[in-house]
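Trainee: First the structure, which I've put down as structure tokens, then a few questions once you've had a look.
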Amino acid sequence: MDYIAQEKGMVVGSEGGNDFASSTIAFAHGIETPVIKWDDEDMRKNKTSPYYVGGYWSPNQNVPEKYAKQVPLKEEYKQVYLNPVYSVPLYKLVYNDSVITTHHWEWGSLKVKDEVGNRMLSELLYNVPPLYHLDEVEWNKHKKEITEHLKVWNEVHEKAVKEEMTNFAYLSEDKLVQSVSYGKDIKIIVNFSNEDMEVEKTKIKAKSAYIDNQGKKSVYTPFEK
């Protein structure tokens with residue numbers, strides 16, 4: 001990997017982002033959302049199942065269903081892979097300013113039905129680049145979601161990516177209100193709960209984020225179809 005990156009000047013990435021490769025890889029696309037259940041037949045083989053993720057190829061040359069089709073996750077998988085209560089960004093606390101982390105290419109930002117907004121909030125909180133599979137059809141379908149999210153995310157990320165993640169904390173007993181700091185003067189608080197909350201004398205709406213970006217303060221609620 002060192003040879004490819006240093007001698008050939010190519011970008012090297014991985015799915016797992018293991019520590020031994022951290023000095024060489026630029027990105028790891030399975031740290032945030034990994035591959036979910038290769039062996040679940042409802043997701044992988046049963047085409048009549050609502051959980052079927054779709055096939056690898058597209059008969060009409062559009063984005064294949066595996067990447068474009070929005071599907072729900074079974075509750076047990078949702079709890080393990082997407083419930084923010086169980087999210088502790090240990091990797092980002094070490095490598096935020098060194099390795100870019102994002103979702104596995106099979107589980108893009110828009111893939112999981114009814115979780116798009118929560119994943120947008122996670123991307124903002126944990127400084128995770130969104131992952132989209134786009135053609136003209138998908139762009140027209142999701143343009144507003146994407147552009148409104150990126151306006152907010154980009155402004156934070158362009159600064160936060162150059163800083164260490166300096167703090168992470170749960171701010172509510174149920175762990176659905178979380179705070180992250182980058183460097184000395186970027187702080188984000190996300191309220192993943194379904195209720196408005198007051199945190200540190202700041203009111204944060206349900207499913208929203210409070211952003212203090214080097215003194216510029218704002219509240220963001222993702223748009224979700």
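In the structure tokens, chains take letters A, B, ... by order of appearance, with residues numbered from 1 within each chain and ligands from 1 in the order shown.
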Can you pull out every residue within 9 Å of A:Thr102, counting only C-alpha atoms, but drop anything in the same chain fewer than 4 positions away, and send it as an mmCIF file with C-alpha atoms, in the first residue's frame?
Mentor:
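out.cif, freshly written:
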```
data_model
loop_
_atom_site.group_PDB
_atom_site.id
_atom_site.type_symbol
_atom_site.label_atom_id
_atom_site.label_comp_id
_atom_site.auth_asym_id
_atom_site.auth_seq_id
_atom_site.Cartn_x
_atom_site.Cartn_y
_atom_site.Cartn_z
ATOM 1 C CA PHE A 27 -10.257 6.684 3.573
ATOM 2 C CA ALA A 28 -12.131 3.746 5.075
ATOM 3 C CA HIS A 29 -15.591 3.173 3.647
ATOM 4 C CA GLY A 30 -16.902 0.636 6.126
ATOM 5 C CA ILE A 31 -16.144 2.231 9.458
ATOM 6 C CA GLU A 32 -19.424 4.104 9.836
ATOM 7 C CA THR A 33 -21.888 1.630 8.302
ATOM 8 C CA GLY A 108 -25.146 4.808 1.104
ATOM 9 C CA GLU A 123 -22.740 12.474 9.368
ATOM 10 C CA VAL A 128 -18.628 11.657 8.029
ATOM 11 C CA PRO A 129 -18.816 12.399 4.276
ATOM 12 C CA PRO A 130 -22.193 11.418 2.809
ATOM 13 C CA LEU A 131 -22.128 8.599 0.265
#
```
Trainee: Kindly give the distance, in Å, that separates atom CA of A:Glu15 and atom CA of A:Val161, rounded to a single decimal.
Mentor: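 We find that atom CA of A:Glu15 and atom CA of A:Val161 lie 19.3 Å from each other.
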Trainee: If you run DSSP over the backbone, which residues in stretch 75-187 of chain A end up strand (DSSP E)? Put them as a count of residues only.
Mentor: 18
Trainee: Using only C-alpha atoms, can you tell me which of A:Asp19, A:Glu138, A:Glu76, A:Glu200 comes closest to A:Ser98?
Mentor: A:Asp19
Trainee: Give me the residues within 9 Å of A:Val12 as a ChimeraX atom specification, counting only C-alpha atoms and dropping any in the same chain fewer than 3 places off.
Mentor: /A:1-2,4-5,24-27
Trainee: What would the file look like if the residues just selected were written as a PDB file, in the first residue's frame with N, CA and C atoms?
Mentor:
```pdb
ATOM      1  N   MET A   1       0.816  -1.199   0.000  1.00  0.00           N
ATOM      2  CA  MET A   1       0.000   0.000   0.000  1.00  0.00           C
ATOM      3  C   MET A   1       0.858   1.261   0.000  1.00  0.00           C
ATOM      4  N   ASP A   2       1.951   1.214   0.748  1.00  0.00           N
ATOM      5  CA  ASP A   2       2.870   2.358   0.748  1.00  0.00           C
ATOM      6  C   ASP A   2       3.399   2.626  -0.656  1.00  0.00           C
ATOM      7  N   ILE A   4       2.023   1.885  -3.580  1.00  0.00           N
ATOM      8  CA  ILE A   4       0.971   2.437  -4.440  1.00  0.00           C
ATOM      9  C   ILE A   4       0.725   3.906  -4.122  1.00  0.00           C
ATOM     10  N   ALA A   5       0.681   4.229  -2.834  1.00  0.00           N
ATOM     11  CA  ALA A   5       0.380   5.604  -2.427  1.00  0.00           C
ATOM     12  C   ALA A   5       1.543   6.549  -2.684  1.00  0.00           C
ATOM     13  N   THR A  24      -1.174   5.089   5.839  1.00  0.00           N
ATOM     14  CA  THR A  24      -1.148   5.040   4.377  1.00  0.00           C
ATOM     15  C   THR A  24      -2.501   5.327   3.748  1.00  0.00           C
ATOM     16  N   ILE A  25      -3.554   4.761   4.307  1.00  0.00           N
ATOM     17  CA  ILE A  25      -4.870   4.922   3.680  1.00  0.00           C
ATOM     18  C   ILE A  25      -5.402   6.342   3.851  1.00  0.00           C
ATOM     19  N   ALA A  26      -6.158   6.782   2.846  1.00  0.00           N
ATOM     20  CA  ALA A  26      -6.799   8.099   2.910  1.00  0.00           C
ATOM     21  C   ALA A  26      -8.231   7.993   3.406  1.00  0.00           C
ATOM     22  N   PHE A  27      -8.863   6.838   3.170  1.00  0.00           N
ATOM     23  CA  PHE A  27     -10.257   6.684   3.573  1.00  0.00           C
ATOM     24  C   PHE A  27     -10.552   5.241   3.952  1.00  0.00           C
TER      25      PHE A  27
END
```
Trainee: Report as a Markdown table the residues of stretch 83-167 of chain A within 7 Å of stretch 46-70 of chain A, each with its shortest atom pair and distance in Å (one decimal), using only C-alpha atoms, ordered by chain and increasing residue number.
Mentor:
```
| residue | atom | partner | partner_atom | distance |
| --- | --- | --- | --- | --- |
| A:Glu106 | CA | A:Tyr67 | CA | 5.9 |
| A:Gly108 | CA | A:Tyr67 | CA | 6.9 |
| A:Leu110 | CA | A:Gln70 | CA | 6.9 |
| A:Lys111 | CA | A:Gln70 | CA | 4.7 |
| A:Val112 | CA | A:Gln70 | CA | 5.5 |
| A:Lys113 | CA | A:Gln70 | CA | 5.2 |
| A:His133 | CA | A:Tyr67 | CA | 6.4 |
| A:Leu134 | CA | A:Val63 | CA | 6.7 |
| A:Asp135 | CA | A:Val63 | CA | 6.4 |
```
Trainee: Output N, CA and C atoms for every residue in that selection, as a compact mmCIF listing (two decimals), in the first residue's frame.
Mentor:
```txt
# COMPACT_ATOMS: atom_id res chain seq x y z
N GLU A 106 -22.24 -0.23 -0.15
CA GLU A 106 -23.55 -0.87 -0.30
C GLU A 106 -24.63 -0.16 0.51
N GLY A 108 -25.27 3.37 1.25
CA GLY A 108 -25.15 4.81 1.10
C GLY A 108 -26.09 5.58 2.02
N LEU A 110 -28.63 7.35 1.63
CA LEU A 110 -30.07 7.35 1.37
C LEU A 110 -30.68 5.95 1.36
N LYS A 111 -29.89 4.94 1.63
CA LYS A 111 -30.31 3.55 1.41
C LYS A 111 -31.38 3.07 2.40
N VAL A 112 -31.25 3.43 3.66
CA VAL A 112 -32.12 2.84 4.68
C VAL A 112 -33.38 3.68 4.86
N LYS A 113 -34.48 3.09 4.53
CA LYS A 113 -35.77 3.78 4.62
C LYS A 113 -36.07 4.21 6.06
N HIS A 133 -25.12 7.31 -4.51
CA HIS A 133 -25.05 6.66 -5.82
C HIS A 133 -26.04 7.41 -6.72
N LEU A 134 -25.52 8.11 -7.70
CA LEU A 134 -26.37 9.03 -8.45
C LEU A 134 -26.33 8.80 -9.96
N ASP A 135 -27.48 8.92 -10.56
CA ASP A 135 -27.63 9.14 -11.99
C ASP A 135 -28.70 10.23 -12.11
```
Trainee: Go through A:Thr101, A:Ser181, A:Thr202, A:Ser22 one by one, measure the shortest atom-to-atom distance of each to A:Leu125 using only C-alpha atoms, and give the residue with the smallest value.
Mentor: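 Closest candidate: A:Ser181.
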Trainee: Which residues are close to A:Lys37, i.e. within 12 Å by only C-alpha atoms, leaving aside same-chain residues fewer than 2 positions away? Reply as a VMD selection string.
Mentor: chain A and resid 33 to 35 39 to 45 51 to 53 73 to 74 76 to 78 80 to 81 106 to 107
Trainee: Report, in Å to a single decimal, how far apart atom CA of A:Tyr132 and atom CA of A:Val219 are.
Mentor: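 Interatomic distance, atom CA of A:Val219 to atom CA of A:Tyr132: 24.0 Å.
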Trainee: Tell me which of A:Ser193, A:Phe168, A:Glu224, A:Ile204 sits closest to A:Val94, counting only C-alpha atoms.
Mentor: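 Of the candidates, the smallest distance to A:Val94 is held by A:Phe168.
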Trainee: Interatomic distance between atom CA of A:Asp185 and atom CA of A:Lys201?
Mentor: 18.1 Å
Trainee: If we count only C-alpha atoms, what is near stretch 146-154 of chain A at a cut-off of 8 Å, once residues fewer than 5 positions away on the same chain are taken out, given as number ranges by chain?
Mentor: A: 120, 123-124, 220, 222-223
Trainee: Compare A:Ile100, A:Met165, A:Val71, A:Pro84 by their minimum atom-to-atom distance to A:Ser14, counting only C-alpha atoms, and give me the closest one.
Mentor: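 Once distances to A:Ser14 are computed over only C-alpha atoms, the minimum belongs to A:Ile100.
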Trainee: From the DSSP assignment of the backbone, select every residue of stretch 1-224 of chain A that is alpha helix (DSSP H), and format the answer as a ChimeraX atom specification.
Mentor: /A:2,41-44,65-68,75-81,90-95,116-125,136-160
